$ cat my_file17.cif   # mmCIF, C-alpha atoms and all ligand atoms
data_entry
#
loop_
_atom_site.label_atom_id
_atom_site.label_comp_id
_atom_site.auth_asym_id
_atom_site.auth_seq_id
_atom_site.Cartn_x
_atom_site.Cartn_y
_atom_site.Cartn_z
CA MET A 200 87.74 -48.41 -35.42
CA PHE A 201 86.32 -44.88 -35.58
CA ASP A 202 86.75 -44.58 -39.37
CA ARG A 203 84.78 -47.76 -39.88
CA LEU A 204 81.65 -46.16 -38.47
CA THR A 205 79.21 -44.88 -41.06
CA ARG A 206 78.47 -41.16 -41.12
CA ARG A 207 75.05 -41.92 -39.70
CA GLN A 208 76.49 -43.98 -36.86
CA THR A 209 78.96 -41.21 -36.11
CA ILE A 210 76.22 -38.59 -35.91
CA ALA A 211 74.12 -40.90 -33.77
CA ALA A 212 77.06 -41.48 -31.41
CA PHE A 213 77.71 -37.75 -31.05
CA THR A 214 74.05 -37.00 -30.49
CA LEU A 215 73.92 -39.66 -27.81
CA ALA A 216 76.98 -38.19 -26.10
CA ALA A 217 75.58 -34.67 -26.27
CA THR A 218 72.24 -35.68 -24.82
CA ALA A 219 73.67 -37.91 -22.11
CA LEU A 220 73.17 -35.16 -19.56
CA THR A 221 69.78 -33.96 -20.79
CA PRO A 222 66.98 -34.59 -18.32
CA LEU A 223 64.67 -36.99 -20.09
CA ALA A 224 62.08 -36.37 -17.37
CA ALA A 225 61.14 -33.33 -19.44
CA ARG A 226 59.18 -35.75 -21.62
CA ALA A 227 55.52 -35.91 -20.83
CA GLU A 228 55.32 -38.54 -18.12
CA ASP A 229 53.05 -38.87 -15.15
CA THR A 230 55.77 -39.30 -12.57
CA VAL A 231 58.30 -36.65 -11.65
CA LYS A 232 61.38 -37.76 -9.74
CA ILE A 233 63.49 -35.76 -7.32
CA GLY A 234 66.90 -37.20 -6.37
CA VAL A 235 67.90 -36.38 -2.80
CA ILE A 236 71.59 -36.86 -1.97
CA LEU A 237 72.38 -36.87 1.76
CA PRO A 238 75.01 -38.05 4.23
CA MET A 239 73.05 -40.97 5.76
CA THR A 240 76.23 -42.39 7.35
CA GLY A 241 79.43 -40.77 8.67
CA PRO A 242 79.85 -37.75 10.98
CA SER A 243 77.02 -35.75 9.34
CA ALA A 244 74.52 -38.64 9.35
CA SER A 245 72.16 -36.71 11.65
CA THR A 246 71.66 -34.21 8.81
CA GLY A 247 70.65 -37.05 6.48
CA ARG A 248 68.29 -38.59 9.03
CA GLU A 249 66.63 -35.25 9.83
CA ILE A 250 66.08 -34.31 6.19
CA GLU A 251 64.85 -37.77 5.21
CA ALA A 252 62.33 -37.69 8.08
CA ALA A 253 61.15 -34.21 7.04
CA ILE A 254 60.70 -35.23 3.39
CA LYS A 255 58.66 -38.29 4.42
CA LEU A 256 56.54 -36.11 6.71
CA PHE A 257 55.99 -33.57 3.93
CA GLN A 258 54.71 -36.25 1.55
CA ALA A 259 52.60 -37.90 4.26
CA GLN A 260 50.94 -34.53 4.97
CA LYS A 261 50.65 -33.03 1.48
CA GLY A 262 50.34 -36.15 -0.64
CA ASP A 263 52.52 -37.16 -3.56
CA LYS A 264 50.95 -34.97 -6.29
CA ALA A 265 52.16 -31.59 -7.56
CA GLY A 266 51.38 -29.82 -10.82
CA GLY A 267 49.20 -32.78 -11.77
CA LYS A 268 52.12 -35.23 -11.53
CA LYS A 269 53.06 -37.92 -9.05
CA VAL A 270 56.24 -36.94 -7.20
CA GLU A 271 58.66 -39.77 -6.48
CA VAL A 272 61.57 -39.17 -4.08
CA ILE A 273 64.80 -41.15 -4.52
CA ILE A 274 67.19 -40.87 -1.54
CA LYS A 275 70.90 -41.69 -1.95
CA ASP A 276 73.67 -41.79 0.67
CA ASP A 277 76.86 -39.93 -0.30
CA THR A 278 78.45 -40.68 3.14
CA GLY A 279 79.59 -37.04 3.17
CA VAL A 280 82.20 -37.59 0.42
CA ALA A 281 82.13 -35.08 -2.46
CA ASP A 282 83.27 -37.51 -5.20
CA ILE A 283 80.36 -39.77 -4.31
CA THR A 284 77.92 -36.83 -4.34
CA LYS A 285 79.05 -35.96 -7.85
CA ARG A 286 78.73 -39.54 -9.14
CA LEU A 287 75.28 -39.93 -7.57
CA ALA A 288 74.11 -36.61 -9.05
CA GLN A 289 75.27 -37.76 -12.49
CA GLU A 290 73.53 -41.16 -12.14
CA LEU A 291 70.29 -39.59 -10.91
CA VAL A 292 70.22 -37.23 -13.89
CA VAL A 293 71.34 -39.68 -16.60
CA ASN A 294 69.80 -42.97 -15.42
CA ASP A 295 66.83 -41.94 -13.29
CA HIS A 296 65.95 -38.81 -15.30
CA VAL A 297 65.21 -36.81 -12.15
CA ALA A 298 63.66 -33.35 -12.58
CA ALA A 299 65.75 -31.96 -9.69
CA ILE A 300 68.58 -32.92 -7.39
CA ALA A 301 68.37 -31.91 -3.73
CA GLY A 302 69.84 -32.38 -0.24
CA PHE A 303 73.60 -31.63 0.19
CA GLY A 304 74.60 -31.91 3.84
CA LEU A 305 77.91 -30.04 3.62
CA THR A 306 79.30 -27.23 1.46
CA PRO A 307 81.83 -29.34 -0.54
CA LEU A 308 78.99 -31.73 -1.43
CA ALA A 309 76.74 -28.95 -2.73
CA LEU A 310 79.62 -27.53 -4.78
CA ALA A 311 80.52 -30.96 -6.23
CA ALA A 312 77.05 -31.31 -7.79
CA ALA A 313 76.92 -27.76 -9.22
CA PRO A 314 78.54 -28.55 -12.62
CA ILE A 315 76.03 -31.37 -13.17
CA ALA A 316 73.12 -29.01 -12.44
CA THR A 317 74.52 -26.46 -14.89
CA GLN A 318 75.27 -28.93 -17.71
CA ALA A 319 71.98 -30.81 -17.40
CA LYS A 320 69.93 -27.66 -16.67
CA VAL A 321 68.43 -29.40 -13.64
CA PRO A 322 67.53 -27.46 -10.46
CA GLU A 323 69.78 -28.16 -7.45
CA ILE A 324 67.85 -27.51 -4.24
CA VAL A 325 70.32 -26.97 -1.39
CA MET A 326 68.47 -28.02 1.78
CA ALA A 327 71.40 -27.98 4.24
CA ALA A 328 74.74 -26.42 3.25
CA GLY A 329 75.39 -22.80 4.21
CA THR A 330 78.48 -21.22 2.63
CA ALA A 331 77.40 -17.98 0.96
CA ILE A 332 79.02 -18.59 -2.45
CA ILE A 333 77.19 -21.88 -3.12
CA THR A 334 74.35 -20.29 -5.11
CA GLU A 335 76.94 -18.58 -7.32
CA ALA A 336 78.33 -21.97 -8.42
CA SER A 337 75.36 -22.59 -10.78
CA PRO A 338 72.35 -20.58 -12.00
CA TYR A 339 70.31 -23.76 -11.26
CA ILE A 340 71.02 -23.71 -7.50
CA VAL A 341 68.23 -22.56 -5.19
CA ARG A 342 68.70 -22.70 -1.40
CA THR A 343 66.17 -23.34 1.38
CA SER A 344 68.67 -23.68 4.26
CA PHE A 345 70.50 -20.46 5.29
CA THR A 346 73.81 -18.71 4.76
CA LEU A 347 76.39 -18.36 7.53
CA PRO A 348 76.71 -14.57 7.11
CA GLN A 349 72.90 -14.35 7.43
CA ASN A 350 72.85 -16.34 10.68
CA THR A 351 76.06 -14.85 12.15
CA MET A 352 75.61 -11.09 11.81
CA PRO A 353 72.77 -10.89 14.40
CA ILE A 354 74.83 -12.56 17.17
CA ALA A 355 77.73 -10.17 16.49
CA GLN A 356 75.32 -7.23 16.74
CA TRP A 357 73.85 -8.68 19.93
CA ALA A 358 77.37 -8.96 21.41
CA LEU A 359 78.16 -5.31 20.61
CA LYS A 360 74.90 -4.19 22.24
CA ASN A 361 75.66 -6.27 25.34
CA GLY A 362 78.99 -4.81 26.32
CA VAL A 363 81.27 -7.24 24.46
CA LYS A 364 84.43 -5.40 23.34
CA LYS A 365 87.17 -8.03 23.01
CA VAL A 366 86.49 -11.32 21.23
CA VAL A 367 88.15 -14.53 20.09
CA THR A 368 86.61 -16.66 17.32
CA LEU A 369 86.91 -20.44 16.91
CA VAL A 370 85.41 -22.07 13.81
CA SER A 371 85.67 -25.24 11.71
CA ASP A 372 88.28 -24.66 9.04
CA TYR A 373 86.20 -24.81 5.83
CA GLY A 374 83.68 -22.71 3.86
CA PRO A 375 80.90 -22.04 6.39
CA GLY A 376 83.34 -21.60 9.30
CA ILE A 377 85.35 -19.06 7.35
CA ASP A 378 82.10 -17.24 6.39
CA ALA A 379 81.05 -17.17 10.05
CA GLU A 380 84.47 -15.91 11.17
CA LYS A 381 84.59 -13.19 8.50
CA THR A 382 81.08 -11.97 9.31
CA PHE A 383 81.64 -11.96 13.07
CA VAL A 384 85.06 -10.29 12.86
CA GLU A 385 83.97 -7.58 10.39
CA THR A 386 80.82 -6.78 12.37
CA ILE A 387 82.70 -6.55 15.69
CA LYS A 388 85.43 -4.36 14.18
CA ALA A 389 82.91 -2.07 12.46
CA GLY A 390 81.18 -1.65 15.85
CA GLY A 391 84.42 -0.56 17.55
CA GLY A 392 85.27 -3.94 19.11
CA GLN A 393 88.59 -5.75 19.09
CA VAL A 394 89.38 -9.22 17.74
CA LEU A 395 92.16 -10.79 19.83
CA ASP A 396 92.53 -13.91 17.68
CA SER A 397 90.71 -16.00 15.06
CA LEU A 398 91.27 -19.73 15.53
CA ARG A 399 90.34 -22.49 13.07
CA ALA A 400 90.05 -26.18 14.00
CA PRO A 401 90.12 -28.92 11.33
CA LEU A 402 86.68 -30.21 10.35
CA LYS A 403 87.69 -33.87 10.52
CA ASN A 404 88.52 -35.33 13.96
CA PRO A 405 88.90 -31.92 15.61
CA GLU A 406 90.88 -31.63 18.84
CA PHE A 407 89.41 -28.46 20.34
CA ALA A 408 91.34 -28.44 23.64
CA PRO A 409 94.47 -26.49 22.54
CA PHE A 410 92.34 -23.88 20.75
CA LEU A 411 90.06 -23.46 23.76
CA GLN A 412 93.02 -23.09 26.11
CA LYS A 413 94.51 -20.43 23.84
CA ALA A 414 91.16 -18.60 23.69
CA LYS A 415 90.87 -18.68 27.48
CA ASP A 416 94.42 -17.37 28.00
CA LEU A 417 93.62 -14.33 25.85
CA LYS A 418 90.87 -13.31 28.36
CA PRO A 419 88.30 -12.03 25.87
CA ASP A 420 84.84 -10.75 26.87
CA ALA A 421 83.37 -13.37 24.53
CA LEU A 422 84.33 -16.48 22.59
CA PHE A 423 82.38 -16.95 19.34
CA LEU A 424 81.97 -20.52 18.02
CA PHE A 425 80.87 -22.23 14.80
CA VAL A 426 80.92 -25.96 14.03
CA PRO A 427 78.49 -27.66 11.63
CA SER A 428 75.44 -29.66 12.69
CA GLY A 429 76.45 -32.92 14.36
CA PHE A 430 79.69 -31.55 15.89
CA GLY A 431 78.25 -29.23 18.58
CA ALA A 432 78.01 -31.73 21.45
CA ALA A 433 81.71 -32.70 21.24
CA LEU A 434 82.73 -29.04 21.16
CA MET A 435 80.46 -27.97 24.02
CA LYS A 436 81.70 -30.83 26.22
CA GLN A 437 85.22 -29.42 25.97
CA VAL A 438 84.03 -25.82 26.34
CA VAL A 439 82.25 -26.74 29.57
CA GLU A 440 85.33 -28.60 30.88
CA ARG A 441 87.45 -25.44 30.43
CA GLY A 442 85.09 -23.38 32.61
CA PHE A 443 84.79 -20.16 30.62
CA ALA A 444 81.88 -18.95 32.75
CA ALA A 445 84.07 -18.85 35.89
CA ASP A 446 86.39 -16.44 34.05
CA ASN A 447 83.47 -14.24 32.98
CA ILE A 448 83.95 -15.13 29.32
CA LYS A 449 80.64 -15.31 27.46
CA VAL A 450 80.40 -18.24 25.05
CA ILE A 451 78.24 -17.33 22.04
CA ALA A 452 77.65 -19.09 18.73
CA THR A 453 75.42 -19.67 15.75
CA GLY A 454 72.62 -22.15 16.41
CA ASP A 455 74.56 -24.86 14.56
CA VAL A 456 76.39 -25.42 17.88
CA THR A 457 73.27 -25.72 20.09
CA ASP A 458 71.61 -27.90 17.42
CA ASP A 459 68.16 -29.11 18.53
CA GLU A 460 69.17 -32.61 17.53
CA GLN A 461 71.91 -32.72 20.20
CA LEU A 462 70.99 -29.96 22.66
CA ASN A 463 69.02 -32.13 25.06
CA ASN A 464 72.08 -34.28 25.71
CA MET A 465 74.44 -31.36 26.37
CA GLY A 466 73.38 -30.98 30.00
CA ASP A 467 72.65 -28.01 32.25
CA SER A 468 76.09 -26.45 31.74
CA VAL A 469 74.87 -24.97 28.46
CA LEU A 470 71.91 -23.26 30.18
CA GLY A 471 71.89 -19.55 29.38
CA MET A 472 74.03 -19.82 26.23
CA ILE A 473 73.08 -17.21 23.62
CA THR A 474 73.04 -18.00 19.90
CA SER A 475 71.47 -16.66 16.71
CA HIS A 476 69.81 -18.87 14.13
CA ASN A 477 67.03 -19.32 11.60
CA TYR A 478 65.18 -22.14 13.41
CA SER A 479 64.39 -23.44 16.87
CA ALA A 480 62.13 -26.42 17.63
CA ASP A 481 60.72 -24.08 20.30
CA HIS A 482 59.68 -21.41 17.73
CA ASP A 483 56.31 -20.10 18.85
CA SER A 484 53.93 -20.29 15.89
CA PRO A 485 50.95 -22.51 15.03
CA GLU A 486 52.80 -23.82 11.96
CA ASN A 487 55.80 -24.86 14.04
CA LYS A 488 53.76 -26.40 16.85
CA ALA A 489 51.98 -28.56 14.25
CA TYR A 490 55.31 -29.39 12.56
CA VAL A 491 57.09 -30.45 15.76
CA ALA A 492 54.12 -32.51 16.97
CA ALA A 493 53.78 -34.35 13.63
CA PHE A 494 57.55 -34.86 13.28
CA GLU A 495 57.92 -36.25 16.82
CA LYS A 496 54.87 -38.49 16.39
CA ALA A 497 56.30 -39.99 13.20
CA ASN A 498 59.84 -40.22 14.66
CA PRO A 499 59.47 -40.90 18.41
CA ASN A 500 63.15 -40.60 19.30
CA MET A 501 63.91 -37.47 17.29
CA ARG A 502 63.43 -33.71 17.59
CA PRO A 503 63.27 -31.68 14.37
CA ASN A 504 66.27 -29.39 13.87
CA PHE A 505 67.12 -26.65 11.34
CA MET A 506 68.25 -29.24 8.79
CA SER A 507 64.85 -30.93 8.86
CA VAL A 508 63.17 -27.60 8.14
CA GLY A 509 65.53 -26.97 5.20
CA GLY A 510 64.38 -30.34 3.80
CA TYR A 511 60.69 -29.73 4.47
CA ASP A 512 60.85 -26.32 2.79
CA GLY A 513 62.91 -27.73 -0.08
CA MET A 514 59.99 -30.04 -0.81
CA ALA A 515 57.53 -27.12 -0.51
CA LEU A 516 59.69 -25.26 -3.03
CA PHE A 517 59.72 -28.18 -5.49
CA TYR A 518 55.96 -28.80 -5.17
CA GLY A 519 55.24 -25.06 -5.49
CA ALA A 520 57.39 -24.77 -8.62
CA LEU A 521 55.71 -27.82 -10.23
CA ASP A 522 52.29 -26.34 -9.45
CA LYS A 523 53.35 -23.09 -11.12
CA THR A 524 54.68 -24.80 -14.27
CA LYS A 525 51.62 -27.12 -14.29
CA GLY A 526 53.89 -30.13 -14.17
CA ASP A 527 56.37 -28.94 -16.82
CA THR A 528 59.76 -30.24 -15.66
CA ASP A 529 61.93 -28.02 -17.85
CA GLY A 530 64.72 -27.07 -15.41
CA THR A 531 64.93 -23.43 -16.44
CA LYS A 532 61.17 -23.02 -16.04
CA LEU A 533 61.28 -24.69 -12.62
CA VAL A 534 64.07 -22.38 -11.38
CA ASP A 535 62.22 -19.35 -12.74
CA ALA A 536 59.10 -20.50 -10.88
CA MET A 537 61.10 -20.84 -7.65
CA LYS A 538 62.44 -17.27 -7.81
CA GLY A 539 60.37 -15.00 -5.59
CA MET A 540 58.29 -17.82 -4.09
CA ALA A 541 57.16 -16.95 -0.55
CA TRP A 542 55.42 -19.04 2.09
CA THR A 543 55.09 -19.63 5.83
CA SER A 544 57.56 -22.23 7.03
CA PRO A 545 57.70 -23.77 10.52
CA ARG A 546 60.61 -21.33 11.06
CA GLY A 547 58.46 -18.25 10.15
CA PRO A 548 57.89 -16.35 6.89
CA ILE A 549 60.42 -17.14 4.14
CA SER A 550 60.97 -16.30 0.46
CA ILE A 551 63.45 -17.00 -2.31
CA ASP A 552 65.39 -13.88 -3.29
CA PRO A 553 64.99 -13.78 -7.10
CA ALA A 554 68.40 -12.10 -7.51
CA THR A 555 70.51 -14.57 -5.49
CA ARG A 556 68.24 -17.68 -5.26
CA ASP A 557 68.98 -17.67 -1.52
CA VAL A 558 66.40 -17.87 1.23
CA VAL A 559 65.32 -14.64 2.97
CA GLN A 560 64.19 -15.33 6.53
CA ASN A 561 63.95 -14.13 10.11
CA VAL A 562 66.98 -14.72 12.29
CA TYR A 563 66.28 -15.15 16.00
CA ILE A 564 68.40 -14.49 19.08
CA ARG A 565 67.87 -17.37 21.51
CA LYS A 566 68.87 -18.50 24.98
CA VAL A 567 69.17 -22.13 26.14
CA GLU A 568 66.51 -22.76 28.78
CA ARG A 569 64.89 -25.77 30.40
CA LYS A 570 61.21 -26.10 29.47
CA ASN A 571 58.98 -29.03 30.43
CA GLY A 572 62.10 -30.89 31.54
CA GLN A 573 63.94 -30.46 28.21
CA LEU A 574 66.59 -28.06 26.90
CA TYR A 575 65.48 -25.68 24.15
CA ASN A 576 66.80 -22.63 22.31
CA VAL A 577 64.18 -20.11 23.44
CA GLU A 578 63.85 -17.17 21.04
CA PHE A 579 63.71 -13.70 22.63
CA GLU A 580 64.49 -11.32 19.75
CA THR A 581 63.70 -11.38 16.03
CA VAL A 582 65.67 -9.77 13.21
CA PRO A 583 63.09 -9.86 10.40
CA ASN A 584 63.61 -10.78 6.72
CA VAL A 585 67.38 -11.13 6.74
CA LYS A 586 69.15 -11.49 3.37
CA ASP A 587 72.72 -12.71 3.06
CA PRO A 588 74.36 -9.44 4.21
CA PHE A 589 77.39 -9.44 1.92
CA LYS A 590 75.40 -10.27 -1.21
CA ALA A 591 72.84 -7.60 -0.29
CA ALA A 592 75.66 -5.05 0.19
CA LYS A 593 77.16 -6.00 -3.19
CA ALA A 594 73.78 -5.52 -4.86
CA GLY A 595 73.44 -2.14 -3.09
CA LYS A 596 70.35 -3.24 -1.09
C1 LIG B 601 78.00 -26.60 5.49
O1 LIG B 601 78.88 -27.47 5.28
O2 LIG B 601 77.73 -25.74 4.66
C2 LIG B 601 77.25 -26.62 6.78
C3 LIG B 601 76.91 -27.83 7.36
C4 LIG B 601 76.25 -27.83 8.58
C5 LIG B 601 75.93 -26.63 9.20
C6 LIG B 601 76.26 -25.42 8.61
C7 LIG B 601 76.93 -25.42 7.39
O3 LIG B 601 75.30 -26.64 10.40
#

$ encode --input "my_file17.cif" --output "structure tokens"
Amino acid sequence: MFDRLTRRQTIAAFTLAATALTPLAARAEDTVKIGVILPMTGPSASTGREIEAAIKLFQAQKGDKAGGKKVEVIIKDDTGVADITKRLAQELVVNDHVAAIAGFGLTPLALAAAPIATQAKVPEIVMAAGTAIITEASPYIVRTSFTLPQNTMPIAQWALKNGVKKVVTLVSDYGPGIDAEKTFVETIKAGGGQVLDSLRAPLKNPEFAPFLQKAKDLKPDALFLFVPSGFGAALMKQVVERGFAADNIKVIATGDVTDDEQLNNMGDSVLGMITSHNYSADHDSPENKAYVAAFEKANPNMRPNFMSVGGYDGMALFYGALDKTKGDTDGTKLVDAMKGMAWTSPRGPISIDPATRDVVQNVYIRKVERKNGQLYNVEFETVPNVKDPFKAAKAGK
């Protein structure tokens, strides 16, 4: 069959194969597409809903034009399954000719799309996932969410300053949980503290009870927790049932656990809980007050959480890059334009570190309080302009 093709047909076939992954959106067209892949169903569906709402709000507020082009958003549901993320990324690039792919609700999903971004030279804007190494998986990845080391180190430092000497950690057993554990453990040990045990619960269908009982039996000064967005309420229900407070064990966490999306339903037993994180719906700034009001008006039964802000800022990043390139959708030019971009987000001042393509941002220490009848993470301390600490150490900064 193959030897019956003419030389011309053969060359044409090879050229077609070689260009199959080239973003055709680079051609002068008036519409620029961005393909957003999110878990809209499954256990991380709240991440999809929050980011979708934020993207719609962004376009309603800022319009659909950037760099002289019309920006069209295509949202796809990967149900939280990495093989589906990869297939959708491929289809968006090859069939829809998107200028960028974005979203990625969990670390394995962001990593699954990385080879597509690299081959097609299409920017991958990570709006949600938080494992530190993600941006190293492709030079086309730029992140507007956070990294777990970035969000974890401040709560470990807070613990050391507040008399915590002996700790137990309990995290979800995958990338971001292991990053959180490593950061917390290393920071506590470097500060002269002691780590009694590091426990890891499976991500899927976790049964926290045996881990929590073990943690309690070890009688630490503090129990540190990480689970991803959407899993905090189930964990906190079991934490409250075990009664750590009665044993004088502080329960501390990253803000993923006291997620704004679920916090209000956790009940008064979480009052006083201390966490560190990059965003609270209660953040006191004019930009955030406007953001929360507009978000809640457009979505009456929702409160914006940190995932929504990652999505909103991901759109700001894409629009900003298109403005800089004057609508040129060449992927390398777009990523170059994103490096070093800085703006005021609802979460506070942020920028894209040109060396790592990760977001640099304030991390806040917060306490759960009741305000106007609702539970909020109320910020009381700010660690300014935090970079991913391990990457910064590696780069000698
Ligand atoms: C992740 O999978 O990288 C992830 C997801 C949700 C979070 C944090 C990290 O809240």

$ residues_near_ligand --input "my_file17.cif" --ligand "ligand LIG 601 (chain B)" --cutoff "6 Å" --atoms "all atoms listed in the file" --output "list of chain:residue names"
A:Gly304, A:Leu305, A:Thr306, A:Ala328, A:Gly329, A:Thr330, A:Pro375, A:Pro427, A:Ser428, A:Asp455

$ closest_residue --input "my_file17.cif" --among "A:Leu287, A:Tyr511, A:Val585, A:Val439" --to "A:Phe494" --atoms "all atoms listed in the file"
A:Tyr511

$ residues_near_point --input "my_file17.cif" --point "(87.5, -34.0, 17.6)" --cutoff "12 Å" --atoms "all atoms listed in the file" --output "list in words"
Pro242, Ser371, Ala400, Pro401, Leu402, Lys403, Asn404, Pro405, Glu406, Phe407, Ala408, Pro409, Phe410, Val426, Gly429, Phe430, Gly431, Ala432, Ala433, Leu434, Met435, Lys436 and Gln437 of chain A

$ atom_distance --input "my_file17.cif" --atom1 "atom CA of A:Gly526" --atom2 "atom CA of A:Val231"
8.3 Å

$ residues_around --input "my_file17.cif" --residues "A:Gly302" --least-positions-apart "6" --cutoff "10 Å" --atoms "only C-alpha atoms" --output "PyMOL selection string"
chain A and resi 234-238+246-247+250-251+274-275+308-309+323-328+342-344+506+509-510+513

$ closest_residue --input "my_file17.cif" --among "A:Gln289, A:Ser479, A:Asn463, A:Ser243" --to "A:Asn571" --atoms "all atoms listed in the file"
A:Asn463

$ atom_distance --input "my_file17.cif" --atom1 "atom CA of A:Glu335" --atom2 "atom CA of A:Gln318"
14.8 Å

$ atom_distance --input "my_file17.cif" --atom1 "atom CA of A:Pro322" --atom2 "atom CA of A:Ile340"
5.9 Å

$ closest_residue --input "my_file17.cif" --among "A:Ile315, A:Ala489, A:Pro583, A:Lys264" --to "A:Thr284" --atoms "all atoms listed in the file"
A:Ile315

$ residues_around --input "my_file17.cif" --residues "A:Pro545" --least-positions-apart "5" --cutoff "7 Å" --atoms "all atoms listed in the file" --output "PDB file with C-alpha atoms, keeping the file's coordinate frame"
ATOM      1  CA  GLU A 486      52.800 -23.820  11.960  1.00  0.00           C
ATOM      2  CA  ASN A 487      55.800 -24.860  14.040  1.00  0.00           C
ATOM      3  CA  TYR A 490      55.310 -29.390  12.560  1.00  0.00           C
TER       4      TYR A 490
END

$ closest_residue --input "my_file17.cif" --among "A:Val292, A:Ile333, A:Ala301, A:Ala379" --to "A:Asp557" --atoms "all atoms listed in the file"
A:Ile333

$ closest_residue --input "my_file17.cif" --among "A:Pro348, A:Ala311, A:Ser337, A:Asp295" --to "A:Phe589" --atoms "only C-alpha atoms"
A:Pro348

$ closest_residue --input "my_file17.cif" --among "A:Gln412, A:Ser397, A:Asn477, A:Thr278" --to "A:Gly442" --atoms "all atoms listed in the file"
A:Gln412

$ residues_around --input "my_file17.cif" --residues "A:Leu411" --least-positions-apart "5" --cutoff "9 Å" --atoms "all atoms listed in the file" --output "list in words"
Leu369, Asp416, Gln437, Val438 and Arg441 of chain A

$ write_last_selection --input "my_file17.cif" --atoms "C-alpha atoms" --output "mmCIF file, in the frame of the given file"
data_model
loop_
_atom_site.group_PDB
_atom_site.id
_atom_site.type_symbol
_atom_site.label_atom_id
_atom_site.label_comp_id
_atom_site.auth_asym_id
_atom_site.auth_seq_id
_atom_site.Cartn_x
_atom_site.Cartn_y
_atom_site.Cartn_z
ATOM 1 C CA LEU A 369 86.910 -20.440 16.910
ATOM 2 C CA ASP A 416 94.420 -17.370 28.000
ATOM 3 C CA GLN A 437 85.220 -29.420 25.970
ATOM 4 C CA VAL A 438 84.030 -25.820 26.340
ATOM 5 C CA ARG A 441 87.450 -25.440 30.430
#

$ residues_around --input "my_file17.cif" --residues "A:Asp481" --least-positions-apart "2" --cutoff "12 Å" --atoms "all atoms listed in the file" --output "short mmCIF file (atom, residue, chain, number, x, y, z; two decimals) with C-alpha atoms, keeping the file's coordinate frame"
data_model
loop_
_atom_site.label_atom_id
_atom_site.label_comp_id
_atom_site.auth_asym_id
_atom_site.auth_seq_id
_atom_site.Cartn_x
_atom_site.Cartn_y
_atom_site.Cartn_z
CA ASP A 458 71.61 -27.90 17.42
CA ASP A 459 68.16 -29.11 18.53
CA ASN A 477 67.03 -19.32 11.60
CA TYR A 478 65.18 -22.14 13.41
CA SER A 479 64.39 -23.44 16.87
CA ASP A 483 56.31 -20.10 18.85
CA SER A 484 53.93 -20.29 15.89
CA PRO A 485 50.95 -22.51 15.03
CA GLU A 486 52.80 -23.82 11.96
CA ASN A 487 55.80 -24.86 14.04
CA LYS A 488 53.76 -26.40 16.85
CA ALA A 489 51.98 -28.56 14.25
CA TYR A 490 55.31 -29.39 12.56
CA VAL A 491 57.09 -30.45 15.76
CA ALA A 492 54.12 -32.51 16.97
CA ARG A 502 63.43 -33.71 17.59
CA PRO A 503 63.27 -31.68 14.37
CA ASN A 504 66.27 -29.39 13.87
CA PHE A 505 67.12 -26.65 11.34
CA PRO A 545 57.70 -23.77 10.52
CA ARG A 546 60.61 -21.33 11.06
CA GLY A 547 58.46 -18.25 10.15
CA TYR A 563 66.28 -15.15 16.00
CA ARG A 565 67.87 -17.37 21.51
CA LYS A 566 68.87 -18.50 24.98
CA VAL A 567 69.17 -22.13 26.14
CA GLU A 568 66.51 -22.76 28.78
CA ARG A 569 64.89 -25.77 30.40
CA LYS A 570 61.21 -26.10 29.47
CA ASN A 571 58.98 -29.03 30.43
CA GLN A 573 63.94 -30.46 28.21
CA LEU A 574 66.59 -28.06 26.90
CA TYR A 575 65.48 -25.68 24.15
CA ASN A 576 66.80 -22.63 22.31
CA VAL A 577 64.18 -20.11 23.44
CA GLU A 578 63.85 -17.17 21.04
CA PHE A 579 63.71 -13.70 22.63
#

$ residues_around --input "my_file17.cif" --residues "A:Lys586" --least-positions-apart "2" --cutoff "7 Å" --atoms "all atoms listed in the file" --output "MDAnalysis selection string"
chainID A and resid 349 559 584 588 591

$ build_atoms --input "my_file17.cif" --residues "stretch 449-456 of chain A" --atoms "N, CA and C atoms" --output "compact mmCIF listing (two decimals), in the coordinates of the input"
# COMPACT_ATOMS: atom_id res chain seq x y z
N LYS A 449 81.91 -14.85 28.05
CA LYS A 449 80.64 -15.31 27.46
C LYS A 449 80.97 -16.25 26.31
N VAL A 450 80.24 -17.35 26.21
CA VAL A 450 80.40 -18.24 25.05
C VAL A 450 79.16 -18.07 24.19
N ILE A 451 79.37 -17.58 22.96
CA ILE A 451 78.24 -17.33 22.04
C ILE A 451 78.52 -18.05 20.73
N ALA A 452 77.48 -18.23 19.91
CA ALA A 452 77.65 -19.09 18.73
C ALA A 452 76.50 -18.87 17.76
N THR A 453 76.61 -19.50 16.59
CA THR A 453 75.42 -19.67 15.75
C THR A 453 74.70 -20.91 16.28
N GLY A 454 73.44 -21.05 15.91
CA GLY A 454 72.62 -22.15 16.41
C GLY A 454 73.05 -23.52 15.92
N ASP A 455 74.02 -23.56 14.99
CA ASP A 455 74.56 -24.86 14.56
C ASP A 455 75.16 -25.60 15.76
N VAL A 456 75.70 -24.83 16.73
CA VAL A 456 76.39 -25.42 17.88
C VAL A 456 75.38 -25.98 18.89
